[in-house]
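Undergrad: Supplied structure: query_33.pdb, PDB, C-alpha atoms.
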ATOM      1  CA  MET H   1      -5.684 174.364  -9.628
ATOM      2  CA  THR H   2      -7.237 171.247  -8.174
ATOM      3  CA  GLU H   3      -7.397 169.589 -11.596
ATOM      4  CA  ARG H   4      -3.726 170.338 -12.166
ATOM      5  CA  ASN H   5      -2.808 168.864  -8.791
ATOM      6  CA  GLU H   6      -4.772 165.710  -9.542
ATOM      7  CA  ARG H   7      -3.046 165.413 -12.901
ATOM      8  CA  ASN H   8       0.354 165.860 -11.297
ATOM      9  CA  GLY H   9      -0.551 163.298  -8.678
ATOM     10  CA  ARG H  10      -1.504 160.732 -11.293
ATOM     11  CA  ASN H  11       1.699 161.386 -13.227
ATOM     12  CA  GLY H  12       3.713 161.034 -10.051
ATOM     13  CA  ARG H  13       2.105 157.692  -9.257
ATOM     14  CA  LYS H  14       2.789 156.447 -12.792
ATOM     15  CA  GLU H  15       6.434 157.464 -12.501
ATOM     16  CA  ARG H  16       6.764 155.724  -9.135
ATOM     17  CA  ASN H  17       5.130 152.575 -10.487
ATOM     18  CA  HIS H  18       7.449 152.647 -13.465
ATOM     19  CA  ARG H  19      10.495 153.065 -11.262
ATOM     20  CA  THR H  20       9.540 150.201  -8.961
ATOM     21  CA  THR H  21       9.608 147.650 -11.799
ATOM     22  CA  SER H  22      13.056 146.113 -11.400
ATOM     23  CA  PRO H  23      14.783 142.961 -12.653
ATOM     24  CA  ALA H  24      14.214 141.467  -9.206
ATOM     25  CA  ASP H  25      10.470 142.052  -9.552
ATOM     26  CA  VAL H  26      10.448 140.419 -12.975
ATOM     27  CA  LEU H  27      12.390 137.443 -11.612
ATOM     28  CA  THR H  28       9.936 137.118  -8.742
ATOM     29  CA  ASP H  29       7.012 137.094 -11.171
ATOM     30  CA  LEU H  30       8.692 134.472 -13.358
ATOM     31  CA  ARG H  31       9.327 132.261 -10.351
ATOM     32  CA  ALA H  32       5.697 132.598  -9.317
ATOM     33  CA  ILE H  33       4.562 131.529 -12.788
ATOM     34  CA  ASP H  34       7.067 128.678 -12.741
ATOM     35  CA  GLY H  35       5.767 127.490  -9.388
ATOM     36  CA  ALA H  36       2.162 127.714 -10.555
ATOM     37  CA  LEU H  37       2.912 125.617 -13.642
ATOM     38  CA  TYR H  38       4.719 123.050 -11.514
ATOM     39  CA  ALA H  39       1.755 122.866  -9.144
ATOM     40  CA  ALA H  40      -0.657 122.513 -12.065
ATOM     41  CA  VAL H  41       1.261 119.525 -13.420
ATOM     42  CA  ALA H  42       1.362 117.974  -9.950
ATOM     43  CA  ALA H  43      -2.389 118.447  -9.522
ATOM     44  CA  THR H  44      -3.324 116.906 -12.878
ATOM     45  CA  PRO H  45      -4.104 113.187 -12.511
ATOM     46  CA  THR H  46      -2.491 111.083 -15.249
ATOM     47  CA  PRO H  47      -2.441 107.495 -13.968
ATOM     48  CA  ALA H  48      -1.939 106.078 -17.460
ATOM     49  CA  LEU H  49       1.296 108.060 -17.894
ATOM     50  CA  ASP H  50       2.822 108.013 -14.436
ATOM     51  CA  SER H  51       4.656 104.712 -14.633
ATOM     52  CA  ALA H  52       5.960 105.246 -18.176
ATOM     53  CA  LEU H  53       7.229 108.756 -17.455
ATOM     54  CA  ARG H  54       8.875 107.620 -14.239
ATOM     55  CA  ARG H  55      10.723 104.865 -16.102
ATOM     56  CA  LEU H  56      11.686 107.263 -18.898
ATOM     57  CA  SER H  57      13.069 109.766 -16.410
ATOM     58  CA  ARG H  58      15.217 107.089 -14.770
ATOM     59  CA  ALA H  59      16.355 105.710 -18.125
ATOM     60  CA  ALA H  60      17.614 109.176 -19.060
ATOM     61  CA  ASP H  61      19.945 109.298 -16.050
ATOM     62  CA  HIS H  62      23.546 109.857 -17.187
ATOM     63  CA  SER H  63      22.283 110.127 -20.799
ATOM     64  CA  LYS H  64      21.879 106.349 -20.999
ATOM     65  CA  ILE H  65      19.232 106.563 -23.737
ATOM     66  CA  SER H  66      21.266 108.925 -25.904
ATOM     67  CA  LEU H  67      24.446 106.907 -25.515
ATOM     68  CA  THR H  68      22.610 103.694 -26.383
ATOM     69  CA  VAL H  69      21.238 105.266 -29.563
ATOM     70  CA  ALA H  70      24.704 106.608 -30.378
ATOM     71  CA  ALA H  71      26.202 103.140 -29.984
ATOM     72  CA  GLY H  72      23.703 101.767 -32.489
ATOM     73  CA  LEU H  73      24.356 104.564 -34.975
ATOM     74  CA  ALA H  74      28.107 104.099 -34.667
ATOM     75  CA  LEU H  75      27.782 100.597 -36.102
ATOM     76  CA  VAL H  76      26.646 102.038 -39.444
ATOM     77  CA  PRO H  77      29.376 103.705 -41.543
ATOM     78  CA  GLY H  78      28.844 107.110 -43.112
ATOM     79  CA  ARG H  79      26.379 109.696 -41.863
ATOM     80  CA  PRO H  80      24.963 107.560 -39.009
ATOM     81  CA  ARG H  81      28.447 107.160 -37.548
ATOM     82  CA  GLN H  82      29.111 110.875 -37.980
ATOM     83  CA  ALA H  83      25.834 111.606 -36.238
ATOM     84  CA  ALA H  84      26.850 109.381 -33.331
ATOM     85  CA  VAL H  85      30.171 111.180 -32.873
ATOM     86  CA  VAL H  86      28.619 114.640 -33.046
ATOM     87  CA  GLY H  87      25.745 113.599 -30.784
ATOM     88  CA  VAL H  88      28.054 112.292 -28.062
ATOM     89  CA  ALA H  89      30.148 115.457 -28.291
ATOM     90  CA  ALA H  90      26.991 117.543 -27.891
ATOM     91  CA  VAL H  91      25.935 115.534 -24.843
ATOM     92  CA  ALA H  92      29.364 116.046 -23.271
ATOM     93  CA  LEU H  93      29.244 119.803 -23.837
ATOM     94  CA  ALA H  94      25.679 120.063 -22.535
ATOM     95  CA  SER H  95      26.491 118.037 -19.444
ATOM     96  CA  VAL H  96      29.494 120.185 -18.577
ATOM     97  CA  ALA H  97      27.579 123.412 -19.204
ATOM     98  CA  ALA H  98      24.558 122.344 -17.147
ATOM     99  CA  ASN H  99      26.119 120.427 -14.283
ATOM    100  CA  LEU H 100      29.524 122.029 -13.797
ATOM    101  CA  ILE H 101      28.645 125.618 -14.706
ATOM    102  CA  GLY H 102      24.903 126.349 -14.681
ATOM    103  CA  LYS H 103      23.958 124.561 -11.465
ATOM    104  CA  ARG H 104      26.935 125.980  -9.582
ATOM    105  CA  MET H 105      26.152 129.507 -10.701
ATOM    106  CA  VAL H 106      22.425 129.568  -9.947
ATOM    107  CA  HIS H 107      22.021 127.286  -6.881
ATOM    108  CA  ARG H 108      18.260 126.980  -7.258
ATOM    109  CA  ARG H 109      16.615 124.661  -4.765
ATOM    110  CA  ARG H 110      14.743 121.606  -5.946
ATOM    111  CA  PRO H 111      10.933 121.762  -5.834
ATOM    112  CA  ASP H 112       9.094 120.764  -2.675
ATOM    113  CA  ARG H 113       7.212 117.694  -3.865
ATOM    114  CA  GLU H 114       5.477 117.171  -0.555
ATOM    115  CA  ARG H 115       4.046 120.672  -0.555
ATOM    116  CA  ALA H 116       2.940 120.325  -4.186
ATOM    117  CA  ARG H 117       1.478 116.890  -3.398
ATOM    118  CA  VAL H 118       3.229 115.063  -6.211
ATOM    119  CA  ILE H 119       1.871 111.542  -5.902
ATOM    120  CA  VAL H 120       4.344 108.863  -4.884
ATOM    121  CA  SER H 121       3.712 106.682  -7.951
ATOM    122  CA  ARG H 122       5.246 109.416 -10.127
ATOM    123  CA  GLN H 123       8.336 110.047  -8.089
ATOM    124  CA  VAL H 124      11.967 109.268  -8.838
ATOM    125  CA  PRO H 125      14.800 109.865  -6.350
ATOM    126  CA  MET H 126      15.312 113.592  -5.777
ATOM    127  CA  PRO H 127      18.809 114.589  -6.973
ATOM    128  CA  GLU H 128      21.058 116.426  -4.538
ATOM    129  CA  SER H 129      22.309 118.871  -7.175
ATOM    130  CA  ALA H 130      20.809 122.299  -7.842
ATOM    131  CA  SER H 131      17.592 122.453  -9.839
ATOM    132  CA  PHE H 132      18.527 125.001 -12.538
ATOM    133  CA  PRO H 133      19.028 124.085 -15.348
ATOM    134  CA  SER H 134      17.796 120.567 -16.086
ATOM    135  CA  GLY H 135      20.824 118.504 -17.061
ATOM    136  CA  HIS H 136      18.662 115.669 -18.390
ATOM    137  CA  THR H 137      16.860 118.052 -20.733
ATOM    138  CA  ALA H 138      20.061 119.774 -21.815
ATOM    139  CA  SER H 139      21.730 116.499 -22.771
ATOM    140  CA  ALA H 140      18.662 115.009 -24.472
ATOM    141  CA  THR H 141      18.062 118.196 -26.468
ATOM    142  CA  ALA H 142      21.721 118.493 -27.423
ATOM    143  CA  PHE H 143      21.835 114.914 -28.671
ATOM    144  CA  ALA H 144      18.562 115.140 -30.587
ATOM    145  CA  THR H 145      19.510 118.432 -32.245
ATOM    146  CA  ALA H 146      23.039 117.452 -33.219
ATOM    147  CA  VAL H 147      22.083 114.034 -34.567
ATOM    148  CA  SER H 148      19.088 115.427 -36.462
ATOM    149  CA  VAL H 149      21.233 117.955 -38.328
ATOM    150  CA  VAL H 150      23.596 115.231 -39.512
ATOM    151  CA  LEU H 151      20.887 112.599 -39.966
ATOM    152  CA  PRO H 152      17.532 114.345 -40.696
ATOM    153  CA  PRO H 153      15.352 111.176 -40.594
ATOM    154  CA  ALA H 154      16.166 110.945 -36.883
ATOM    155  CA  ALA H 155      14.703 114.389 -36.148
ATOM    156  CA  VAL H 156      11.136 113.388 -35.313
ATOM    157  CA  PRO H 157      11.778 110.391 -33.024
ATOM    158  CA  LEU H 158      14.718 111.975 -31.220
ATOM    159  CA  GLY H 159      12.959 115.324 -30.935
ATOM    160  CA  ALA H 160       9.891 113.659 -29.445
ATOM    161  CA  LEU H 161      12.105 111.720 -27.057
ATOM    162  CA  ALA H 162      13.857 114.898 -25.890
ATOM    163  CA  VAL H 163      10.516 116.613 -25.255
ATOM    164  CA  ALA H 164       9.277 113.578 -23.325
ATOM    165  CA  VAL H 165      12.429 113.472 -21.198
ATOM    166  CA  GLY H 166      12.079 117.163 -20.395
ATOM    167  CA  TYR H 167       8.429 116.830 -19.422
ATOM    168  CA  SER H 168       9.155 113.721 -17.359
ATOM    169  CA  ARG H 169      11.433 115.773 -15.118
ATOM    170  CA  VAL H 170       8.537 118.068 -14.224
ATOM    171  CA  HIS H 171       6.025 115.217 -14.048
ATOM    172  CA  THR H 172       8.151 113.298 -11.554
ATOM    173  CA  GLY H 173       8.547 116.446  -9.476
ATOM    174  CA  VAL H 174      12.307 116.968  -9.619
ATOM    175  CA  HIS H 175      12.329 120.124 -11.775
ATOM    176  CA  TYR H 176      10.346 123.283 -12.373
ATOM    177  CA  PRO H 177       9.254 123.964 -15.985
ATOM    178  CA  GLY H 178      11.707 126.877 -16.099
ATOM    179  CA  ASP H 179      14.589 124.502 -15.362
ATOM    180  CA  VAL H 180      13.541 122.384 -18.315
ATOM    181  CA  ALA H 181      13.181 125.371 -20.641
ATOM    182  CA  ALA H 182      16.655 126.586 -19.694
ATOM    183  CA  GLY H 183      18.046 123.098 -20.204
ATOM    184  CA  ALA H 184      16.566 122.969 -23.699
ATOM    185  CA  VAL H 185      18.152 126.305 -24.633
ATOM    186  CA  LEU H 186      21.468 125.081 -23.276
ATOM    187  CA  GLY H 187      21.089 121.878 -25.269
ATOM    188  CA  PHE H 188      20.553 123.769 -28.515
ATOM    189  CA  ALA H 189      23.680 125.824 -27.825
ATOM    190  CA  ALA H 190      25.723 122.710 -27.048
ATOM    191  CA  ALA H 191      24.545 121.070 -30.264
ATOM    192  CA  ALA H 192      25.517 124.140 -32.292
ATOM    193  CA  ALA H 193      28.971 124.105 -30.723
ATOM    194  CA  ALA H 194      29.430 120.382 -31.352
ATOM    195  CA  LEU H 195      28.363 120.735 -34.970
ATOM    196  CA  ALA H 196      30.864 123.545 -35.492
ATOM    197  CA  VAL H 197      33.750 121.919 -33.647
ATOM    198  CA  VAL H 198      33.255 118.246 -34.548
ATOM    199  CA  HIS H 199      31.001 117.836 -37.570
ATOM    200  CA  VAL H 200      32.626 120.401 -39.858
ATOM    201  CA  PRO H 201      36.127 118.896 -39.411
ATOM    202  CA  LEU H 202      34.676 115.411 -39.991
ATOM    203  CA  GLN H 203      33.133 116.546 -43.262
ATOM    204  CA  LEU H 204      36.366 118.177 -44.367
ATOM    205  CA  ALA H 205      38.364 115.064 -43.488
ATOM    206  CA  GLU H 206      36.040 112.795 -45.444
ATOM    207  CA  GLY H 207      35.728 115.248 -48.337
TER     208      GLY H 207
END
Turn this file's structure into structure tokens for me.
TA:
Amino acid sequence: MTERNERNGRNGRKERNHRTTSPADVLTDLRAIDGALYAAVAATPTPALDSALRRLSRAADHSKISLTVAAGLALVPGRPRQAAVVGVAAVALASVAANLIGKRMVHRRRPDRERARVIVSRQVPMPESASFPSGHTASATAFATAVSVVLPPAAVPLGALAVAVGYSRVHTGVHYPGDVAAGAVLGFAAAAAALAVVHVPLQLAEG
């Protein structure tokens, strides 16, 4: 009888533990991991990279890097010009999705750089907008993906640039890693939409 009661007790505890795992618990765990990763980046000394990543993060404001590359590509007829058009369209879609939809829906607070002890030499001005998702990462990823599909030789440099921009947002303390990951996913989606809506008609028109 005692053994049966113990068995029932264990089963009851397992069922209660199973029932207490909710989406809110999962979200809490993910946020804890996100915060730990952010703190780990903040605590890792990288004096050789700090200045360069700070400048890169500022240069990516308002997609200035992507638009500059697009302007150069637009000067070359054919596929480079097509890539420029599709890339700019992807940036526009990503920016709208991240800044006008994503940030307004989630309302995640920006990281506390002082608490994480992000050193001043890394820092860029803290944006006033919500933290999730990273608009810089979304736009950089969208541009790199869209242009690379139309112009494959650009894949490696633009892909590396997008990754660097995303990391710079964590390194400078203005985003959590999860914000950057979400921005990258959003960027891929924006690129896919731009390729379908802009690139396919361009190909048909030129064909």
Undergrad: Please identify all polymer residues within 9 Å of range 173-186 of chain H, counting all atoms listed in the file, omitting same-chain residues fewer than 5 positions from it, and present them as a PyMOL selection string.
TA: chain H and resi 30-31+34-35+37-38+41-42+94+97-98+110-113+116+118+122-127+131-142+162-163+166-168+191
Undergrad: With all atoms listed in the file as the atoms that count, which of H:Ala48, H:Val147, H:Ile101, H:Ala160 lies nearest to Ala192 in chain H?
TA: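 The shortest atom-to-atom distance to Ala192 in chain H comes from H:Val147.
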Undergrad: Which of these residues is nearest to Pro157 in chain H, using all atoms listed in the file: H:Glu128, H:Val86, H:Thr145, H:Asp61?
TA: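 Looking only at the distances to Pro157 in chain H, the closest residue turns out to be H:Thr145.
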Undergrad: Taking (23.3, 104.3, -33.3) in the file's coordinates as the center, which residues reach within 10 Å of it, counting only C-alpha atoms, put as a PyMOL selection string?
TA: chain H and resi 66-76+80-85+87+147
Undergrad: Taking C-alpha atoms for each residue, export the selection above as a PDB file, in the coordinates of the input.
TA:
ATOM      1  CA  SER H  66      21.266 108.925 -25.904  1.00  0.00           C
ATOM      2  CA  LEU H  67      24.446 106.907 -25.515  1.00  0.00           C
ATOM      3  CA  THR H  68      22.610 103.694 -26.383  1.00  0.00           C
ATOM      4  CA  VAL H  69      21.238 105.266 -29.563  1.00  0.00           C
ATOM      5  CA  ALA H  70      24.704 106.608 -30.378  1.00  0.00           C
ATOM      6  CA  ALA H  71      26.202 103.140 -29.984  1.00  0.00           C
ATOM      7  CA  GLY H  72      23.703 101.767 -32.489  1.00  0.00           C
ATOM      8  CA  LEU H  73      24.356 104.564 -34.975  1.00  0.00           C
ATOM      9  CA  ALA H  74      28.107 104.099 -34.667  1.00  0.00           C
ATOM     10  CA  LEU H  75      27.782 100.597 -36.102  1.00  0.00           C
ATOM     11  CA  VAL H  76      26.646 102.038 -39.444  1.00  0.00           C
ATOM     12  CA  PRO H  80      24.963 107.560 -39.009  1.00  0.00           C
ATOM     13  CA  ARG H  81      28.447 107.160 -37.548  1.00  0.00           C
ATOM     14  CA  GLN H  82      29.111 110.875 -37.980  1.00  0.00           C
ATOM     15  CA  ALA H  83      25.834 111.606 -36.238  1.00  0.00           C
ATOM     16  CA  ALA H  84      26.850 109.381 -33.331  1.00  0.00           C
ATOM     17  CA  VAL H  85      30.171 111.180 -32.873  1.00  0.00           C
ATOM     18  CA  GLY H  87      25.745 113.599 -30.784  1.00  0.00           C
ATOM     19  CA  VAL H 147      22.083 114.034 -34.567  1.00  0.00           C
TER      20      VAL H 147
END
Undergrad: Just the number, please: distance in Å from CA of Leu151 in chain H to CA of Ala194 in chain H, one decimal.
TA: 14.4 Å
